[in-house]
file entry_24.tsv (TSV, C-alpha atoms and all ligand atoms)
chain	number	residue	atom	x	y	z
V	1	MET	CA	74.38	78.81	-14.58
V	2	CYS	CA	71.57	78.80	-12.09
V	3	GLN	CA	70.02	75.36	-11.81
V	4	ASN	CA	66.44	74.86	-10.86
V	5	ASN	CA	66.71	72.33	-8.12
V	6	ASN	CA	63.29	72.88	-6.68
V	7	SER	CA	62.06	69.32	-6.53
V	8	SER	CA	59.35	70.24	-4.01
V	9	ILE	CA	57.22	71.77	-6.78
V	10	GLU	CA	57.40	68.66	-8.96
V	11	THR	CA	54.19	66.69	-9.03
V	12	PRO	CA	54.70	63.47	-7.08
V	13	LYS	CA	54.85	60.35	-9.18
V	14	LYS	CA	51.79	58.16	-9.33
V	15	ARG	CA	52.41	54.76	-7.83
V	16	VAL	CA	51.57	51.60	-9.74
V	17	LEU	CA	51.34	48.11	-8.31
V	18	SER	CA	50.54	44.78	-9.89
V	19	CYS	CA	51.37	41.10	-9.58
V	20	ILE	CA	51.33	38.09	-11.80
V	21	GLN	CA	50.96	34.46	-10.79
V	22	PRO	CA	53.64	31.92	-11.69
V	23	SER	CA	50.93	29.39	-12.38
V	24	GLY	CA	51.92	28.34	-15.88
V	25	MET	CA	53.40	29.42	-19.15
V	26	LEU	CA	52.32	33.06	-19.55
V	27	THR	CA	50.28	33.74	-22.66
V	28	LEU	CA	49.72	36.45	-25.21
V	29	GLY	CA	46.58	37.24	-23.14
V	30	ASN	CA	48.67	37.91	-20.03
V	31	TYR	CA	51.02	39.97	-22.15
V	32	LEU	CA	48.47	42.18	-23.91
V	33	GLY	CA	46.14	42.38	-20.90
V	34	ALA	CA	48.74	43.05	-18.24
V	35	LEU	CA	52.46	42.81	-18.96
V	36	LYS	CA	52.53	45.22	-21.90
V	37	ASN	CA	51.01	47.84	-19.60
V	38	PHE	CA	53.43	46.96	-16.80
V	39	ALA	CA	56.29	47.67	-19.21
V	40	ALA	CA	54.82	50.89	-20.60
V	41	MET	CA	54.12	52.25	-17.13
V	42	GLY	CA	57.55	51.11	-15.94
V	43	LYS	CA	59.21	53.19	-18.65
V	44	ASP	CA	57.06	56.26	-18.05
V	45	PRO	CA	58.78	58.74	-15.70
V	46	GLU	CA	55.35	59.78	-14.42
V	47	PHE	CA	54.99	56.47	-12.61
V	48	GLU	CA	56.77	54.66	-9.84
V	49	CYS	CA	56.16	50.95	-10.33
V	50	ILE	CA	56.08	47.96	-8.02
V	51	TYR	CA	55.56	44.49	-9.51
V	52	ALA	CA	55.61	41.08	-7.90
V	53	VAL	CA	55.45	37.42	-8.73
V	54	ALA	CA	52.33	36.31	-6.81
V	55	ASP	CA	53.62	32.87	-5.85
V	56	LEU	CA	51.40	32.60	-2.76
V	57	HIS	CA	48.31	32.95	-4.92
V	58	ALA	CA	49.49	30.15	-7.17
V	59	ILE	CA	49.17	27.45	-4.51
V	60	THR	CA	45.39	27.72	-4.55
V	61	VAL	CA	45.98	25.18	-7.32
V	62	ARG	CA	48.19	22.19	-6.48
V	63	GLN	CA	51.74	22.77	-7.70
V	64	ASP	CA	54.53	20.29	-8.25
V	65	PRO	CA	57.35	21.67	-6.02
V	66	LYS	CA	60.12	21.25	-8.58
V	67	GLU	CA	58.15	22.79	-11.41
V	68	PHE	CA	56.85	25.52	-9.12
V	69	ARG	CA	60.37	26.54	-8.07
V	70	ALA	CA	61.41	26.83	-11.71
V	71	ARG	CA	58.28	28.75	-12.66
V	72	ILE	CA	58.63	31.34	-9.91
V	73	LEU	CA	62.10	32.12	-11.19
V	74	SER	CA	61.08	32.08	-14.83
V	75	THR	CA	58.15	34.43	-14.13
V	76	TYR	CA	60.54	36.78	-12.35
V	77	ALA	CA	62.90	36.60	-15.36
V	78	LEU	CA	59.93	37.35	-17.63
V	79	LEU	CA	59.11	40.52	-15.70
V	80	LEU	CA	62.66	41.66	-16.38
V	81	SER	CA	62.47	40.55	-20.00
V	82	ILE	CA	59.53	42.77	-20.92
V	83	GLY	CA	61.90	45.70	-20.47
V	84	LEU	CA	61.45	46.65	-16.83
V	85	ASP	CA	64.52	48.19	-15.28
V	86	PRO	CA	65.08	46.92	-11.70
V	87	GLN	CA	66.86	50.20	-10.96
V	88	LYS	CA	63.64	52.07	-11.64
V	89	ALA	CA	60.90	49.63	-10.66
V	90	ILE	CA	60.69	47.45	-7.56
V	91	ILE	CA	60.34	43.85	-8.74
V	92	PHE	CA	60.00	41.24	-6.03
V	93	ILE	CA	58.61	37.88	-4.95
V	94	GLN	CA	55.41	38.00	-2.89
V	95	SER	CA	56.23	35.12	-0.48
V	96	HIS	CA	59.51	36.80	0.49
V	97	VAL	CA	57.63	39.70	2.06
V	98	PRO	CA	55.70	38.16	4.98
V	99	GLU	CA	53.69	41.35	5.52
V	100	HIS	CA	51.43	40.20	2.65
V	101	THR	CA	50.09	37.20	4.58
V	102	GLN	CA	49.99	39.15	7.83
V	103	LEU	CA	47.88	41.95	6.40
V	104	SER	CA	45.76	39.45	4.52
V	105	TRP	CA	44.62	37.90	7.82
V	106	VAL	CA	43.70	41.28	9.26
V	107	LEU	CA	41.78	42.22	6.11
V	108	SER	CA	39.90	38.93	6.12
V	109	CYS	CA	38.37	40.02	9.42
V	110	TYR	CA	37.00	43.10	7.67
V	111	THR	CA	35.57	41.18	4.72
V	112	GLN	CA	32.08	39.80	4.74
V	113	PHE	CA	31.46	36.20	3.76
V	114	GLY	CA	28.58	37.36	1.56
V	115	GLU	CA	30.59	39.85	-0.48
V	116	MET	CA	33.39	37.31	-0.94
V	117	SER	CA	30.85	34.75	-2.16
V	118	ARG	CA	30.02	37.02	-5.09
V	119	MET	CA	33.48	36.78	-6.65
V	120	THR	CA	33.03	35.33	-10.10
V	121	GLN	CA	36.60	34.00	-10.30
V	122	PHE	CA	35.94	31.83	-7.25
V	123	LYS	CA	32.71	30.55	-8.78
V	124	ASP	CA	34.38	29.83	-12.13
V	125	LYS	CA	37.48	28.20	-10.67
V	126	SER	CA	35.56	26.04	-8.21
V	127	LYS	CA	33.38	24.80	-11.05
V	128	LYS	CA	36.47	24.04	-13.12
V	129	ARG	CA	38.21	22.14	-10.31
V	130	PRO	CA	35.50	20.71	-8.05
V	131	GLU	CA	38.04	18.32	-6.48
V	132	ASN	CA	40.02	21.12	-4.84
V	133	VAL	CA	37.77	23.98	-3.76
V	134	ASN	CA	40.07	25.10	-0.95
V	135	VAL	CA	39.59	27.97	1.49
V	136	GLY	CA	42.60	29.75	-0.04
V	137	LEU	CA	40.77	29.91	-3.36
V	138	PHE	CA	37.85	31.53	-1.58
V	139	SER	CA	39.89	34.05	0.43
V	140	TYR	CA	42.24	34.77	-2.49
V	141	PRO	CA	40.93	38.38	-2.89
V	142	ASP	CA	42.00	39.22	0.69
V	143	LEU	CA	45.57	38.30	-0.15
V	144	MET	CA	45.28	40.31	-3.34
V	145	ALA	CA	43.86	43.24	-1.33
V	146	ALA	CA	46.87	42.98	1.00
V	147	ASP	CA	49.26	42.94	-1.98
V	148	ILE	CA	47.71	46.17	-3.14
V	149	LEU	CA	46.98	48.06	0.07
V	150	LEU	CA	50.43	47.52	1.61
V	151	TYR	CA	51.90	49.81	-1.05
V	152	ASN	CA	49.20	52.50	-1.32
V	153	PRO	CA	49.24	52.55	-5.12
V	154	ASP	CA	47.23	54.92	-7.29
V	155	TYR	CA	46.81	52.40	-10.10
V	156	VAL	CA	46.61	48.64	-10.42
V	157	PRO	CA	47.11	47.52	-14.04
V	158	VAL	CA	45.20	44.27	-14.61
V	159	GLY	CA	43.13	42.55	-17.27
V	160	GLU	CA	39.34	42.85	-17.27
V	161	ASP	CA	38.88	39.61	-15.29
V	162	GLN	CA	40.58	41.10	-12.21
V	163	LYS	CA	38.43	44.22	-12.02
V	164	GLN	CA	36.09	42.71	-9.47
V	165	HIS	CA	39.02	41.90	-7.18
V	166	VAL	CA	40.22	45.49	-7.29
V	167	GLU	CA	36.69	46.62	-6.51
V	168	ILE	CA	36.44	44.41	-3.43
V	169	THR	CA	39.87	45.74	-2.38
V	170	ARG	CA	38.41	49.25	-2.52
V	171	ASP	CA	35.38	48.17	-0.50
V	172	ILE	CA	37.57	46.59	2.19
V	173	ALA	CA	39.85	49.65	2.27
V	174	ALA	CA	36.90	52.01	2.58
V	175	ARG	CA	35.44	49.93	5.40
V	176	PHE	CA	38.75	49.90	7.26
V	177	ASN	CA	39.28	53.64	6.71
V	178	GLY	CA	35.73	54.27	7.89
V	179	ILE	CA	36.59	52.71	11.25
V	180	TYR	CA	40.20	53.82	11.76
V	181	GLY	CA	40.69	56.95	9.65
V	182	ASP	CA	42.68	57.33	6.45
V	183	VAL	CA	44.98	54.33	6.57
V	184	PHE	CA	44.74	53.11	2.98
V	185	LYS	CA	44.80	54.98	-0.29
V	186	MET	CA	41.98	54.07	-2.70
V	187	PRO	CA	43.51	52.16	-5.61
V	188	GLU	CA	42.08	52.28	-9.11
V	189	ALA	CA	42.07	49.39	-11.57
V	190	TYR	CA	43.90	50.37	-14.75
V	191	ILE	CA	42.48	48.30	-17.56
V	192	PRO	CA	43.79	48.55	-21.12
V	193	LYS	CA	41.21	49.82	-23.62
V	194	VAL	CA	42.23	47.16	-26.07
V	195	GLY	CA	43.75	43.78	-25.27
V	196	ALA	CA	41.97	43.55	-21.91
V	197	ARG	CA	40.37	40.30	-22.94
V	198	VAL	CA	42.23	38.17	-25.44
V	199	MET	CA	40.20	35.12	-26.35
V	200	SER	CA	41.16	31.50	-26.95
V	201	LEU	CA	42.27	30.73	-30.51
V	202	GLN	CA	40.29	27.49	-30.47
V	203	ASP	CA	37.14	28.60	-28.65
V	204	PRO	CA	37.03	32.38	-29.06
V	205	GLN	CA	34.10	32.76	-26.68
V	206	LYS	CA	36.43	31.70	-23.87
V	207	LYS	CA	39.30	33.76	-22.44
V	208	MET	CA	42.80	32.76	-23.62
V	209	SER	CA	44.15	30.90	-20.62
V	210	LYS	CA	47.48	29.31	-19.80
V	211	SER	CA	45.65	26.51	-18.01
V	212	ASP	CA	43.85	25.47	-21.22
V	213	GLU	CA	44.35	21.80	-21.98
V	214	ASN	CA	44.76	22.48	-25.67
V	215	PRO	CA	48.07	24.29	-26.33
V	216	ASN	CA	46.74	25.43	-29.72
V	217	ALA	CA	44.27	27.61	-27.82
V	218	TYR	CA	46.94	29.97	-26.53
V	219	ILE	CA	50.18	31.56	-27.62
V	220	GLY	CA	52.90	31.35	-24.99
V	221	ILE	CA	55.02	34.46	-24.54
V	222	LEU	CA	58.09	32.35	-25.20
V	223	ASP	CA	56.67	30.46	-28.21
V	224	LYS	CA	58.97	30.45	-31.22
V	225	PRO	CA	57.87	32.29	-34.41
V	226	GLU	CA	57.15	28.99	-36.23
V	227	GLU	CA	54.85	27.88	-33.40
V	228	ILE	CA	53.09	31.23	-33.37
V	229	MET	CA	52.50	31.09	-37.13
V	230	ARG	CA	51.21	27.52	-36.88
V	231	LYS	CA	48.78	28.31	-34.05
V	232	MET	CA	47.53	31.42	-35.83
V	233	LYS	CA	46.93	29.45	-39.01
V	234	ARG	CA	44.77	27.03	-37.03
V	235	ALA	CA	42.86	29.75	-35.19
V	236	VAL	CA	39.09	29.26	-35.40
V	237	THR	CA	37.35	31.93	-37.49
V	238	ASP	CA	34.02	31.69	-39.35
V	239	SER	CA	32.53	30.91	-42.72
V	240	GLN	CA	32.51	34.53	-43.88
V	241	SER	CA	35.48	36.11	-45.58
V	242	THR	CA	35.73	39.79	-44.65
V	243	VAL	CA	38.19	41.01	-42.05
V	244	GLU	CA	35.84	43.22	-40.10
V	245	VAL	CA	34.38	43.39	-36.63
V	246	GLY	CA	30.88	41.94	-36.44
V	247	GLU	CA	28.39	40.66	-33.92
V	248	GLY	CA	28.96	37.00	-33.12
V	249	ARG	CA	32.20	36.92	-35.15
V	250	TYR	CA	34.16	35.96	-32.08
V	251	GLY	CA	37.24	34.51	-33.80
V	252	ILE	CA	37.74	37.36	-36.26
V	253	ASN	CA	36.98	40.00	-33.63
V	254	ASN	CA	39.63	38.45	-31.42
V	255	LEU	CA	42.27	38.40	-34.16
V	256	ILE	CA	41.48	42.01	-35.11
V	257	GLY	CA	41.81	42.93	-31.43
V	258	ILE	CA	45.21	41.24	-31.15
V	259	TYR	CA	46.48	42.77	-34.39
V	260	GLY	CA	45.14	46.23	-33.49
V	261	THR	CA	46.63	46.16	-30.00
V	262	ILE	CA	50.07	45.32	-31.33
V	263	THR	CA	50.13	47.57	-34.40
V	264	GLY	CA	48.11	50.42	-32.91
V	265	LYS	CA	45.69	50.24	-35.88
V	266	THR	CA	41.96	50.78	-35.44
V	267	ALA	CA	39.45	48.15	-36.54
V	268	ASP	CA	38.62	50.35	-39.57
V	269	GLU	CA	42.25	50.57	-40.58
V	270	VAL	CA	42.59	46.81	-40.29
V	271	LYS	CA	39.48	46.34	-42.40
V	272	LYS	CA	40.93	48.58	-45.15
V	273	GLU	CA	44.31	46.89	-45.03
V	274	PHE	CA	42.77	43.49	-45.69
V	275	GLU	CA	40.00	44.49	-48.09
V	276	GLY	CA	39.74	41.89	-50.84
V	277	ARG	CA	42.25	39.60	-49.16
V	278	GLY	CA	41.46	36.26	-47.52
V	279	TYR	CA	41.71	35.01	-43.97
V	280	GLY	CA	44.99	33.26	-44.85
V	281	ASP	CA	46.74	36.59	-45.47
V	282	PHE	CA	45.22	38.12	-42.40
V	283	LYS	CA	46.18	35.27	-40.08
V	284	ALA	CA	49.74	35.35	-41.42
V	285	ALA	CA	49.94	39.10	-40.75
V	286	VAL	CA	48.62	38.65	-37.20
V	287	GLY	CA	51.12	35.82	-36.63
V	288	GLU	CA	54.01	37.93	-37.89
V	289	ALA	CA	53.01	40.92	-35.78
V	290	VAL	CA	52.78	38.73	-32.67
V	291	ALA	CA	56.08	36.98	-33.39
V	292	GLU	CA	57.87	40.31	-33.88
V	293	GLU	CA	56.37	41.76	-30.70
V	294	LEU	CA	57.45	38.76	-28.64
V	295	ARG	CA	60.88	38.26	-30.22
V	296	PRO	CA	62.86	40.72	-28.02
V	297	ILE	CA	61.15	39.37	-24.90
V	298	ARG	CA	62.17	35.83	-25.74
V	299	GLU	CA	65.74	36.93	-26.46
V	300	ASN	CA	66.00	38.91	-23.20
V	301	TYR	CA	64.50	36.00	-21.32
V	302	GLU	CA	67.15	33.58	-22.56
V	303	ARG	CA	69.82	35.96	-21.27
V	304	PHE	CA	68.23	36.47	-17.83
V	305	ILE	CA	67.33	32.85	-17.13
V	306	SER	CA	70.85	31.67	-17.87
V	307	ASP	CA	72.28	33.73	-14.98
V	308	LYS	CA	70.61	32.44	-11.80
V	309	GLY	CA	73.08	34.30	-9.55
V	310	GLU	CA	72.14	37.64	-11.07
V	311	LEU	CA	68.43	36.80	-10.84
V	312	GLU	CA	68.79	36.06	-7.14
V	313	ARG	CA	70.71	39.28	-6.57
V	314	LEU	CA	67.94	41.21	-8.31
V	315	TYR	CA	65.03	39.63	-6.48
V	316	ARG	CA	66.76	39.96	-3.10
V	317	ALA	CA	67.21	43.68	-3.74
V	318	GLY	CA	63.57	43.99	-4.86
V	319	ASP	CA	62.31	42.03	-1.84
V	320	GLU	CA	64.17	44.33	0.51
V	321	MET	CA	62.79	47.52	-1.02
V	322	ALA	CA	59.26	46.09	-1.03
V	323	GLU	CA	59.50	44.96	2.56
V	324	HIS	CA	60.64	48.39	3.66
V	325	LEU	CA	57.42	49.91	2.28
V	326	ALA	CA	55.18	47.02	3.38
V	327	ARG	CA	56.44	47.09	6.96
V	328	ARG	CA	55.49	50.74	7.35
V	329	THR	CA	51.88	50.12	6.28
V	330	LEU	CA	51.49	46.95	8.31
V	331	ARG	CA	52.80	48.65	11.44
V	332	LYS	CA	50.26	51.43	11.00
V	333	VAL	CA	47.43	48.93	10.54
V	334	MET	CA	48.42	46.85	13.58
V	335	LYS	CA	48.62	49.92	15.77
V	336	LYS	CA	45.25	51.20	14.59
V	337	VAL	CA	43.55	47.90	15.34
V	338	GLY	CA	45.03	47.90	18.82
V	339	PHE	CA	47.80	45.30	18.73
V	340	ILE	CA	50.67	46.13	21.05
V	341	GLY	CA	54.40	46.19	20.48
V	342	PHE	CA	54.34	47.56	16.93
S	401	LIG	P1	44.46	31.29	-15.66
S	401	LIG	O1	44.34	31.54	-17.12
S	401	LIG	O2	45.30	30.11	-15.33
S	401	LIG	O3	43.16	31.36	-14.95
S	401	LIG	P2	45.31	33.93	-15.60
S	401	LIG	O4	46.26	34.01	-16.74
S	401	LIG	O5	43.97	34.52	-15.74
S	401	LIG	O6	45.28	32.46	-15.08
S	401	LIG	P3	47.14	35.49	-14.04
S	401	LIG	O7	48.40	34.90	-14.46
S	401	LIG	O8	47.13	35.82	-12.61
S	401	LIG	O9	45.89	34.60	-14.30
S	401	LIG	O10	46.84	36.78	-14.90
S	401	LIG	C1	47.76	37.79	-14.94
S	401	LIG	C2	47.19	38.99	-15.61
S	401	LIG	O11	46.88	38.72	-16.97
S	401	LIG	C3	45.90	39.51	-14.98
S	401	LIG	O12	45.97	40.91	-14.86
S	401	LIG	C4	44.84	39.09	-15.94
S	401	LIG	O13	43.76	39.99	-15.93
S	401	LIG	C5	45.56	39.14	-17.26
S	401	LIG	N1	44.99	38.19	-18.21
S	401	LIG	C6	44.93	36.85	-18.08
S	401	LIG	N2	44.35	36.29	-19.15
S	401	LIG	C7	44.03	37.31	-19.99
S	401	LIG	C8	43.40	37.39	-21.28
S	401	LIG	N3	43.01	36.30	-21.93
S	401	LIG	N4	43.23	38.59	-21.85
S	401	LIG	C9	43.65	39.71	-21.22
S	401	LIG	N5	44.25	39.72	-20.00
S	401	LIG	C10	44.43	38.54	-19.39
S	402	LIG	N1	44.90	37.82	-8.87
S	402	LIG	C1	45.71	38.32	-9.94
S	402	LIG	C2	47.17	38.31	-9.64
S	402	LIG	C3	47.43	39.22	-8.50
S	402	LIG	C4	47.36	40.63	-8.51
S	402	LIG	C5	47.67	41.05	-7.18
S	402	LIG	C6	47.08	41.59	-9.50
S	402	LIG	C7	47.76	38.84	-7.23
S	402	LIG	N2	47.92	39.94	-6.46
S	402	LIG	C8	47.71	42.39	-6.84
S	402	LIG	C9	47.11	42.93	-9.13
S	402	LIG	C10	47.41	43.33	-7.82
S	402	LIG	C11	45.43	37.46	-11.15
S	402	LIG	O1	45.04	36.37	-11.05
S	402	LIG	N3	45.67	37.95	-12.27

call {"tool": "encode", "arguments": {"input": "entry_24.tsv", "output": "structure tokens"}}
result
Amino acid sequence: MCQNNNSSIETPKKRVLSCIQPSGMLTLGNYLGALKNFAAMGKDPEFECIYAVADLHAITVRQDPKEFRARILSTYALLLSIGLDPQKAIIFIQSHVPEHTQLSWVLSCYTQFGEMSRMTQFKDKSKKRPENVNVGLFSYPDLMAADILLYNPDYVPVGEDQKQHVEITRDIAARFNGIYGDVFKMPEAYIPKVGARVMSLQDPQKKMSKSDENPNAYIGILDKPEEIMRKMKRAVTDSQSTVEVGEGRYGINNLIGIYGTITGKTADEVKKEFEGRGYGDFKAAVGEAVAEELRPIRENYERFISDKGELERLYRAGDEMAEHLARRTLRKVMKKVGFIGF
């Protein structure tokens, strides 16, 4: 039989890159806003995916060394647990690929102080932690731009709050390309239509955040079903009784968003499903849907985290593949700028 082996006519795969910080217990917000997309894209043969644990970014906030070490590894294990196959995706640890910090310095010299000062994350985080407004927190987007531009991705899956950082990455890339020619590919933020902004269960006008002081405000990806049900039961809603999206109904809107993202149901379908039923029923259904969605992740995680040797073997292999790609881009950049010996 004649086999069609003409791979040259296949459309090239689109490249995807994203990172996640090991800065705390990851939440349902991180999962629905970012990780669920990482996994879906990782399984799609149309994409070639590169994901990293952004440990360098995490030290913009003071970290306890022992806890930090454990969290870097557990975040890496979580990336594997969402169903990513390390044979198909490159999964690595940012600090193990020194090209990230090297490129970050170069990019910082092509970033204007004024444009960096407009980053809302910097403004928010410096207000939240006035005792440690460090320069790393300010220049954070240059490191993120380096993470992205080293790999020339087509798409960067992130939650809504990171859109501005992808935009400044594009501005920096365009500026650099304008001077030196086409060095960087223009990346596009890939933001989920639903789930891009999961809100706190206790203050649903605020984003669900792993750094929230109140653990009832967020659901951890590794929370047990009983905990999930308990937190859902306590979720702040309103004094009305209908399960439907409405202006100012932050709590209910958030729960409908979570339920819809997991079940694939539209807000109208959710409304019909719970017509004539109370908030109690609805919250229980949301809790069950979340617990079921997270169950396989928690089970995979327990398997991965118990084999540290295998985890190290996997991240070493990922680091090496990432560095191979990163080195090529960095070399090109250094040569273009005029450094010698590259
Ligand atoms: P913190 O809450 O401590 O400020 P974070 O969770 O926002 O941190 P990361 O861990 O770096 O920060 O976020 C990882 C990814 O999860 C990002 O793409 C971010 O956009 C997404 N994300 C974080 N929180 C939410 C949320 N509540 N809803 C949707 N996506 C989110
Ligand atoms: N800043 C991001 C994490 C992050 C990232 C990246 C995301 C670091 N480097 C590169 C996408 C691409 C955050 O806080 N969520």

call {"tool": "residues_near_ligand", "arguments": {"input": "entry_24.tsv", "ligand": "ligand LIG 401 (chain S)", "cutoff": "10 Å", "atoms": "all atoms listed in the file", "output": "PyMOL selection string"}}
result
chain V and resi 18-38+53-55+57-58+61+75+121+124-125+156-163+189-192+194-200+206-212+218+258

call {"tool": "closest_residue", "arguments": {"input": "entry_24.tsv", "among": "V:Leu137, V:Ala40, V:Ile148, V:Leu103", "to": "ligand LIG 402 (chain S)", "atoms": "all atoms listed in the file"}}
result
V:Ile148

call {"tool": "atom_distance", "arguments": {"input": "entry_24.tsv", "atom1": "atom CA of Pro296 of chain V", "atom2": "atom CA of Leu314 of chain V"}}
result
20.4 Å

call {"tool": "residues_near_point", "arguments": {"input": "entry_24.tsv", "point": "(55.2, 43.2, 1.3)", "cutoff": "7 Å", "atoms": "all atoms listed in the file", "output": "JSON list (two decimals) with C-alpha atoms, in the coordinates of the input"}}
result
[["chain", "number", "residue", "atom", "x", "y", "z"],
["V", 94, "GLN", "CA", 55.41, 38.00, -2.89],
["V", 97, "VAL", "CA", 57.63, 39.70, 2.06],
["V", 98, "PRO", "CA", 55.70, 38.16, 4.98],
["V", 99, "GLU", "CA", 53.69, 41.35, 5.52],
["V", 100, "HIS", "CA", 51.43, 40.20, 2.65],
["V", 147, "ASP", "CA", 49.26, 42.94, -1.98],
["V", 150, "LEU", "CA", 50.43, 47.52, 1.61],
["V", 322, "ALA", "CA", 59.26, 46.09, -1.03],
["V", 323, "GLU", "CA", 59.50, 44.96, 2.56],
["V", 326, "ALA", "CA", 55.18, 47.02, 3.38],
["V", 327, "ARG", "CA", 56.44, 47.09, 6.96]]

call {"tool": "atom_distance", "arguments": {"input": "entry_24.tsv", "atom1": "atom C6 of ligand LIG 402 (chain S)", "atom2": "atom CA of Leu17 of chain V"}}
result
7.9 Å

call {"tool": "atom_distance", "arguments": {"input": "entry_24.tsv", "atom1": "atom CA of Leu80 of chain V", "atom2": "atom CA of Asn300 of chain V"}}
result
8.1 Å

call {"tool": "closest_residue", "arguments": {"input": "entry_24.tsv", "among": "V:Ser126, V:Gln164, V:Gln63, V:Ser81", "to": "ligand LIG 402 (chain S)", "atoms": "all atoms listed in the file"}}
result
V:Gln164

call {"tool": "closest_residue", "arguments": {"input": "entry_24.tsv", "among": "V:Arg316, V:Arg230, V:Arg303, V:Lys271", "to": "Lys283 of chain V", "atoms": "only C-alpha atoms"}}
result
V:Arg230

call {"tool": "closest_residue", "arguments": {"input": "entry_24.tsv", "among": "V:Asp238, V:Glu288, V:Asp44, V:Glu188", "to": "Asp171 of chain V", "atoms": "all atoms listed in the file"}}
result
V:Glu188

call {"tool": "residues_near_point", "arguments": {"input": "entry_24.tsv", "point": "(40.8, 37.4, -3.3)", "cutoff": "10 Å", "atoms": "all atoms listed in the file", "output": "PyMOL selection string"}}
result
chain V and resi 57+104+108+116+119+121-122+136-146+162+164-166+168-169

call {"tool": "closest_residue", "arguments": {"input": "entry_24.tsv", "among": "V:Thr261, V:Asn216, V:Thr11, V:Thr101", "to": "ligand LIG 402 (chain S)", "atoms": "only C-alpha atoms and all ligand atoms"}}
result
V:Thr101

call {"tool": "closest_residue", "arguments": {"input": "entry_24.tsv", "among": "V:Ile221, V:Ile305, V:Ile59, V:Ala70", "to": "ligand LIG 402 (chain S)", "atoms": "all atoms listed in the file"}}
result
V:Ile59

call {"tool": "axis_aligned_box", "arguments": {"input": "entry_24.tsv", "around": "segment 110-128 of chain V", "padding_each_side": "8 Å", "output": "lines of an AutoDock Vina configuration file"}}
result
center_x = 33.0
center_y = 33.6
center_z = -2.7
size_x = 24.9
size_y = 35.1
size_z = 36.8

call {"tool": "residues_around", "arguments": {"input": "entry_24.tsv", "residues": "Glu275 of chain V", "least_positions_apart": "4", "cutoff": "9 Å", "atoms": "only C-alpha atoms", "output": "ChimeraX atom specification"}}
result
/V:242-243,270-271
